[in-house]
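Participant: Got protein20.tsv for you, TSV, C-alpha atoms:
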chain	number	residue	atom	x	y	z
A	1	MET	CA	-11.25	12.90	-19.52
A	2	VAL	CA	-13.03	10.97	-16.83
A	3	VAL	CA	-12.33	8.22	-14.39
A	4	GLY	CA	-15.56	6.37	-14.25
A	5	GLU	CA	-17.92	9.17	-13.36
A	6	LEU	CA	-15.26	11.49	-11.96
A	7	THR	CA	-13.96	14.57	-13.73
A	8	ASP	CA	-10.27	15.50	-13.66
A	9	GLU	CA	-11.01	18.12	-11.04
A	10	ALA	CA	-12.83	15.64	-8.84
A	11	VAL	CA	-9.94	13.21	-9.13
A	12	ASP	CA	-7.53	15.99	-8.14
A	13	HIS	CA	-9.59	16.73	-5.04
A	14	LEU	CA	-9.84	13.05	-4.27
A	15	PHE	CA	-6.11	12.37	-4.39
A	16	HIS	CA	-5.27	15.56	-2.56
A	17	ALA	CA	-7.68	14.58	0.19
A	18	LEU	CA	-6.25	11.09	0.46
A	19	ALA	CA	-2.60	12.15	0.41
A	20	ASP	CA	-2.66	12.87	4.13
A	21	ALA	CA	-2.52	10.26	6.89
A	22	THR	CA	-4.69	12.27	9.30
A	23	ARG	CA	-7.39	12.66	6.71
A	24	ARG	CA	-7.31	8.96	5.91
A	25	ASP	CA	-7.67	8.29	9.62
A	26	ILE	CA	-10.61	10.67	9.87
A	27	LEU	CA	-12.25	8.72	7.04
A	28	ARG	CA	-11.84	5.47	8.92
A	29	ARG	CA	-13.25	6.90	12.14
A	30	SER	CA	-16.20	8.56	10.48
A	31	VAL	CA	-17.72	5.55	8.80
A	32	GLY	CA	-20.39	5.34	11.51
A	33	GLY	CA	-21.31	8.98	11.10
A	34	GLU	CA	-21.66	9.53	14.84
A	35	LEU	CA	-18.61	11.70	15.51
A	36	SER	CA	-18.65	15.46	15.58
A	37	VAL	CA	-15.72	17.57	14.46
A	38	SER	CA	-14.89	18.37	18.07
A	39	ARG	CA	-14.94	14.70	19.06
A	40	LEU	CA	-12.69	13.91	16.11
A	41	ALA	CA	-10.36	16.73	17.12
A	42	GLU	CA	-9.80	15.08	20.50
A	43	ALA	CA	-8.11	12.17	18.74
A	44	TYR	CA	-5.31	14.19	17.17
A	45	PRO	CA	-2.49	16.29	18.58
A	46	VAL	CA	-3.50	19.23	16.43
A	47	SER	CA	-5.89	22.12	16.88
A	48	PHE	CA	-9.63	21.97	16.40
A	49	ALA	CA	-9.21	24.39	13.51
A	50	ALA	CA	-6.74	22.06	11.81
A	51	VAL	CA	-9.13	19.11	12.08
A	52	GLN	CA	-11.94	21.31	10.83
A	53	LYS	CA	-9.78	22.13	7.81
A	54	HIS	CA	-9.07	18.44	7.18
A	55	VAL	CA	-12.78	17.71	7.28
A	56	ALA	CA	-13.40	20.56	4.84
A	57	VAL	CA	-10.86	19.06	2.39
A	58	LEU	CA	-12.55	15.67	2.70
A	59	GLU	CA	-15.94	17.28	2.20
A	60	ARG	CA	-14.77	19.13	-0.93
A	61	ALA	CA	-13.52	15.82	-2.31
A	62	GLY	CA	-16.95	14.32	-1.66
A	63	LEU	CA	-15.53	11.77	0.76
A	64	VAL	CA	-17.53	12.89	3.79
A	65	THR	CA	-20.74	14.71	4.44
A	66	LYS	CA	-21.59	16.87	7.43
A	67	GLU	CA	-24.91	16.79	9.17
A	68	ARG	CA	-26.02	19.28	11.77
A	69	ARG	CA	-27.45	17.76	14.93
A	70	GLY	CA	-28.24	20.32	17.57
A	71	ARG	CA	-25.08	22.29	18.18
A	72	GLU	CA	-22.85	19.68	16.64
A	73	GLN	CA	-21.83	18.83	13.12
A	74	LEU	CA	-21.54	15.11	12.63
A	75	VAL	CA	-19.12	13.81	10.03
A	76	ARG	CA	-19.99	10.79	7.95
A	77	THR	CA	-17.77	8.99	5.47
A	78	ASP	CA	-19.44	8.35	2.15
A	79	PRO	CA	-18.59	4.71	1.42
A	80	GLU	CA	-19.30	5.06	-2.29
A	81	ALA	CA	-16.95	8.02	-2.65
A	82	VAL	CA	-14.17	6.22	-0.79
A	83	GLY	CA	-14.64	3.44	-3.29
A	84	GLY	CA	-13.63	5.99	-5.94
A	85	VAL	CA	-9.98	5.26	-5.23
A	86	ARG	CA	-10.45	1.72	-6.36
A	87	PRO	CA	-11.70	2.58	-9.85
A	88	ALA	CA	-8.94	5.17	-10.18
A	89	LEU	CA	-6.22	2.61	-9.45
A	90	ASP	CA	-8.08	0.09	-11.59
A	91	GLN	CA	-8.00	2.61	-14.44
A	92	LEU	CA	-4.29	3.09	-13.92
A	93	GLU	CA	-3.80	-0.65	-14.12
A	94	ILE	CA	-5.80	-0.82	-17.34
A	95	ALA	CA	-3.75	2.06	-18.76
A	96	TRP	CA	-0.46	0.33	-17.95
A	97	ARG	CA	-1.65	-3.01	-19.27
A	98	GLY	CA	-2.45	-1.24	-22.52
A	99	ARG	CA	0.97	0.37	-22.57
A	100	VAL	CA	2.73	-2.92	-21.91
A	101	ASP	CA	0.75	-4.55	-24.73
A	102	ARG	CA	1.77	-1.79	-27.12
A	103	MET	CA	5.39	-2.06	-25.98
A	104	SER	CA	5.28	-5.81	-26.67
A	105	ASP	CA	3.84	-5.19	-30.11
A	106	LEU	CA	6.52	-2.63	-30.91
A	107	LEU	CA	9.28	-4.98	-29.77
A	108	ALA	CA	7.83	-7.78	-31.90
A	109	THR	CA	7.57	-5.51	-34.93
A	110	GLY	CA	11.12	-4.30	-34.42
A	111	ALA	CA	12.38	-7.86	-34.24
A	112	GLN	CA	10.81	-8.65	-37.62
A	113	ASP	CA	12.27	-5.54	-39.16
A	114	GLY	CA	15.69	-6.12	-37.85
B	1	MET	CA	4.00	-12.76	-22.42
B	2	SER	CA	3.69	-9.30	-20.96
B	3	VAL	CA	2.17	-8.38	-17.59
B	4	THR	CA	3.10	-11.01	-15.01
B	5	ASP	CA	2.12	-9.33	-11.75
B	6	VAL	CA	0.08	-6.36	-10.53
B	7	ASP	CA	-0.16	-5.04	-7.01
B	8	LYS	CA	-2.49	-2.24	-5.99
B	9	ASP	CA	-1.97	-0.59	-2.62
B	10	PHE	CA	-5.13	1.40	-2.00
B	11	ASP	CA	-3.87	2.92	1.24
B	12	ASN	CA	-0.76	4.33	-0.37
B	13	LEU	CA	-2.30	4.94	-3.79
B	14	THR	CA	0.39	2.86	-5.41
B	15	LEU	CA	0.33	0.60	-8.43
B	16	THR	CA	3.21	-1.79	-9.00
B	17	LEU	CA	3.21	-3.66	-12.26
B	18	VAL	CA	5.68	-6.27	-13.47
B	19	ALA	CA	6.01	-7.12	-17.15
B	20	GLU	CA	8.30	-9.41	-19.09
B	21	PHE	CA	9.38	-8.87	-22.65
B	22	ASP	CA	10.98	-11.27	-25.06
B	23	ALA	CA	13.59	-8.71	-26.07
B	24	PRO	CA	16.99	-7.57	-24.87
B	25	ILE	CA	17.12	-4.87	-22.22
B	26	GLU	CA	18.60	-2.31	-24.60
B	27	ARG	CA	15.65	-2.57	-26.95
B	28	VAL	CA	13.16	-2.18	-24.09
B	29	TRP	CA	15.10	0.84	-22.87
B	30	GLN	CA	14.85	2.38	-26.32
B	31	LEU	CA	11.06	2.39	-25.98
B	32	TRP	CA	11.59	5.00	-23.24
B	33	ALA	CA	14.69	6.69	-24.59
B	34	ASP	CA	13.60	7.22	-28.19
B	35	PRO	CA	10.81	9.82	-28.33
B	36	ARG	CA	9.50	8.46	-31.64
B	37	LYS	CA	9.10	5.05	-30.02
B	38	LEU	CA	7.73	6.46	-26.76
B	39	GLU	CA	4.88	8.20	-28.54
B	40	ARG	CA	3.83	4.93	-30.14
B	41	TRP	CA	2.90	3.37	-26.82
B	42	TRP	CA	2.45	6.05	-24.13
B	43	GLY	CA	-1.03	7.21	-25.08
B	44	PRO	CA	-3.96	4.88	-25.62
B	45	PRO	CA	-5.04	4.40	-29.25
B	46	SER	CA	-7.86	6.91	-28.70
B	47	HIS	CA	-5.41	9.53	-27.39
B	48	PRO	CA	-2.07	9.09	-29.19
B	49	ALA	CA	0.86	10.99	-27.72
B	50	THR	CA	3.15	13.40	-29.49
B	51	VAL	CA	6.44	13.97	-27.68
B	52	GLU	CA	7.97	17.41	-28.05
B	53	LYS	CA	10.84	17.91	-25.63
B	54	HIS	CA	12.68	14.74	-24.57
B	55	ASP	CA	15.66	15.25	-22.29
B	56	LEU	CA	16.32	12.13	-20.24
B	57	THR	CA	18.88	13.61	-17.88
B	58	PRO	CA	18.50	14.38	-14.17
B	59	GLY	CA	16.43	17.57	-13.92
B	60	GLY	CA	15.60	17.30	-17.60
B	61	GLU	CA	12.12	17.44	-19.04
B	62	VAL	CA	9.91	15.50	-21.35
B	63	THR	CA	6.87	17.31	-22.71
B	64	TYR	CA	4.08	15.79	-24.72
B	65	PHE	CA	0.49	16.17	-25.69
B	66	MET	CA	-2.18	13.60	-26.30
B	67	THR	CA	-4.73	14.19	-29.01
B	68	GLY	CA	-8.29	13.03	-28.40
B	69	PRO	CA	-10.87	11.85	-30.91
B	70	ALA	CA	-12.28	15.38	-31.35
B	71	GLY	CA	-8.83	16.85	-31.83
B	72	GLU	CA	-8.61	18.12	-28.26
B	73	ARG	CA	-5.16	18.18	-26.74
B	74	SER	CA	-4.13	17.36	-23.19
B	75	ARG	CA	-0.61	18.36	-22.33
B	76	GLY	CA	1.68	16.64	-19.91
B	77	TRP	CA	5.25	16.73	-18.72
B	78	TRP	CA	7.80	14.61	-16.92
B	79	ARG	CA	10.57	15.94	-14.76
B	80	ILE	CA	13.42	13.45	-14.65
B	81	ALA	CA	14.67	12.63	-11.16
B	82	SER	CA	17.24	10.02	-12.11
B	83	VAL	CA	18.27	8.01	-15.10
B	84	ASP	CA	20.60	5.04	-15.45
B	85	PRO	CA	20.49	3.60	-18.98
B	86	PRO	CA	19.39	0.94	-19.67
B	87	ARG	CA	18.32	0.01	-16.14
B	88	SER	CA	16.26	2.68	-14.46
B	89	LEU	CA	14.32	5.87	-14.87
B	90	GLU	CA	12.48	7.94	-12.27
B	91	PHE	CA	10.35	10.90	-13.04
B	92	THR	CA	7.52	13.05	-11.82
B	93	ASP	CA	4.59	13.32	-14.16
B	94	GLY	CA	2.16	16.20	-14.30
B	95	PHE	CA	-0.41	18.03	-16.34
B	96	ALA	CA	0.28	21.23	-18.21
B	97	ASP	CA	-1.90	24.01	-19.52
B	98	GLN	CA	-2.30	24.63	-23.25
B	99	ASP	CA	0.95	26.61	-23.28
B	100	GLY	CA	2.83	23.72	-21.72
B	101	ALA	CA	3.29	25.36	-18.30
B	102	PRO	CA	2.79	22.99	-15.34
B	103	LEU	CA	-0.73	23.32	-14.01
B	104	ALA	CA	-0.68	24.84	-10.54
B	105	GLY	CA	-2.56	23.10	-7.81
B	106	VAL	CA	-2.94	19.86	-9.72
B	107	PRO	CA	-1.45	16.78	-8.13
B	108	THR	CA	1.65	15.37	-9.70
B	109	THR	CA	2.53	11.72	-9.72
B	110	ALA	CA	5.81	9.88	-9.85
B	111	VAL	CA	6.94	6.80	-11.75
B	112	ARG	CA	9.89	4.53	-11.16
B	113	VAL	CA	10.86	2.17	-13.95
B	114	ALA	CA	13.38	-0.61	-13.39
B	115	LEU	CA	14.62	-2.93	-16.13
B	116	THR	CA	16.55	-6.14	-15.49
B	117	GLU	CA	17.75	-8.96	-17.68
B	118	HIS	CA	15.59	-11.96	-17.00
B	119	ASP	CA	15.37	-15.39	-18.52
B	120	GLY	CA	16.85	-14.32	-21.84
B	121	GLY	CA	14.51	-11.36	-22.03
B	122	THR	CA	13.77	-8.27	-19.97
B	123	ARG	CA	11.70	-7.72	-16.85
B	124	MET	CA	10.22	-4.28	-16.31
B	125	VAL	CA	8.85	-3.12	-12.97
B	126	VAL	CA	6.84	0.10	-13.01
B	127	ARG	CA	5.87	1.62	-9.69
B	128	SER	CA	3.41	4.44	-9.88
B	129	ILE	CA	2.27	6.53	-6.93
B	130	PHE	CA	-0.42	9.14	-6.88
B	131	GLY	CA	0.43	12.17	-4.82
B	132	SER	CA	-0.34	15.82	-4.58
B	133	ARG	CA	2.06	18.63	-5.28
B	134	GLU	CA	1.52	19.98	-1.77
B	135	HIS	CA	2.24	16.56	-0.33
B	136	MET	CA	5.48	16.28	-2.26
B	137	GLU	CA	6.61	19.76	-1.34
B	138	ARG	CA	6.01	19.06	2.30
B	139	LEU	CA	8.01	15.85	2.08
B	140	ASP	CA	10.75	17.75	0.29
B	141	SER	CA	10.97	20.25	3.11
B	142	MET	CA	11.30	17.35	5.50
B	143	GLY	CA	14.22	15.97	3.53
B	144	ALA	CA	12.22	12.95	2.51
B	145	MET	CA	12.16	13.71	-1.19
B	146	GLU	CA	14.47	10.87	-2.08
B	147	VAL	CA	12.04	8.43	-0.60
B	148	PHE	CA	9.11	9.97	-2.34
B	149	GLN	CA	10.89	10.01	-5.68
B	150	GLN	CA	10.42	6.29	-5.66
B	151	THR	CA	6.80	7.09	-5.91
B	152	VAL	CA	5.37	8.52	-8.93
B	153	GLY	CA	2.65	10.07	-10.91
B	154	GLN	CA	0.59	8.95	-13.76
B	155	MET	CA	-2.50	11.06	-13.72
B	156	ASP	CA	-2.49	11.14	-17.48
B	157	ALA	CA	-2.83	7.40	-17.46
B	158	LEU	CA	-6.36	8.10	-16.33
B	159	LEU	CA	-7.01	9.32	-19.83
B	160	ALA	CA	-7.09	5.73	-20.96
B	161	ASP	CA	-10.39	4.43	-22.18
Written as structure tokens, that's how I'd like the structure from this file.
Facilitator:
Amino acid sequence: MVVGELTDEAVDHLFHALADATRRDILRRSVGGELSVSRLAEAYPVSFAAVQKHVAVLERAGLVTKERRGREQLVRTDPEAVGGVRPALDQLEIAWRGRVDRMSDLLATGAQDG
Amino acid sequence: MSVTDVDKDFDNLTLTLVAEFDAPIERVWQLWADPRKLERWWGPPSHPATVEKHDLTPGGEVTYFMTGPAGERSRGWWRIASVDPPRSLEFTDGFADQDGAPLAGVPTTAVRVALTEHDGGTRMVVRSIFGSREHMERLDSMGAMEVFQQTVGQMDALLAD
């Protein structure tokens, strides 16, 4: 059971990570890879620890990487991983198109029978 | 004619698909309401579904498994949020373990199906939203569950080829 190259578990982590507005915002801000966790934390009305936890969830999902520079940890969004949402929704579309085709076939068969 | 429109909202992890069928609404509804019909289209040909429990009432459950090419089974369940035959159905969809118990910690998804009479046939709109269990529980505690029930889950759809 895979979505592209992702296992079920990876997909679970991915959707969990993306199901939160703050985490999605962190992803947007971290594309440049120049912000530390403490700089990120300044942007939100929550504690440093809470932002650190958000970053950890994103990291577990493979959406960001952390890089130590001096005393700071810089957060960088992995553009390829973020792109993983697209194939997942694309897969869902393909699945539903298949379902709709099968529904059409069943309805056509039923019409002939009845 | 089948799928007429697809919208993918990547920010909100939502797929909205519109399909039109050349059949009366009651017959389209039966594809959902009759478990023997449901299992003929829910799973992809490589992973046909077998529906076990099928209780389309609010709070009721549908349970099924899909059988893969090597005989492996993936189990899933729906929890019905609302049902209004033959017009609408809303449910949460999730994975189960091999005993059929909902898998803890795995995101659930929600699906809203709306059927309307259209042009002598039937139009079906399926809205499917990925979400996590934690996310839904938090929304529930905020009293926003009704809103989120319009969302839905279809993780098992990822099993498609």
Participant: Figure out the distance between CA of Ser88 (chain B) and CA of Leu17 (chain B), please, to one decimal in Å.
Facilitator: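 CA of Ser88 (chain B) lies at a distance of 14.7 Å from CA of Leu17 (chain B).
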Participant: Can you work out which residues from chain A touch chain B at a cut-off of 6 Å (counting all atoms listed in the file) and hand them back as a PyMOL selection string?
Facilitator: chain A and resi 1+16+92+95+99+102
Participant: Would you output that residue set with C-alpha atoms, as a JSON list (two decimals), in the coordinates of the input?
Facilitator:
[["chain", "number", "residue", "atom", "x", "y", "z"],
["A", 1, "MET", "CA", -11.25, 12.90, -19.52],
["A", 16, "HIS", "CA", -5.27, 15.56, -2.56],
["A", 92, "LEU", "CA", -4.29, 3.09, -13.92],
["A", 95, "ALA", "CA", -3.75, 2.06, -18.76],
["A", 99, "ARG", "CA", 0.97, 0.37, -22.57],
["A", 102, "ARG", "CA", 1.77, -1.79, -27.12]]
Participant: For Ser38 (chain A), which residue out of A:Glu93, A:Asp78, A:Glu72, A:Asp101 is the nearest one, using all atoms listed in the file?
Facilitator: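 Residue with the minimum atom-to-atom distance to Ser38 (chain A): A:Glu72.
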Participant: As an exercise, work out the distance from CA of Ala101 (chain B) to CA of Asp84 (chain B) in Å and give it to one decimal place.
Facilitator: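 Result for CA of Ala101 (chain B) versus CA of Asp84 (chain B): 26.8 Å, one decimal.
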Participant: What is the distance, in Å and to one decimal place, between CA of Arg76 (chain A) and CA of Val31 (chain A)?
Facilitator: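 Between CA of Arg76 (chain A) and CA of Val31 (chain A) the gap works out to 5.8 Å.
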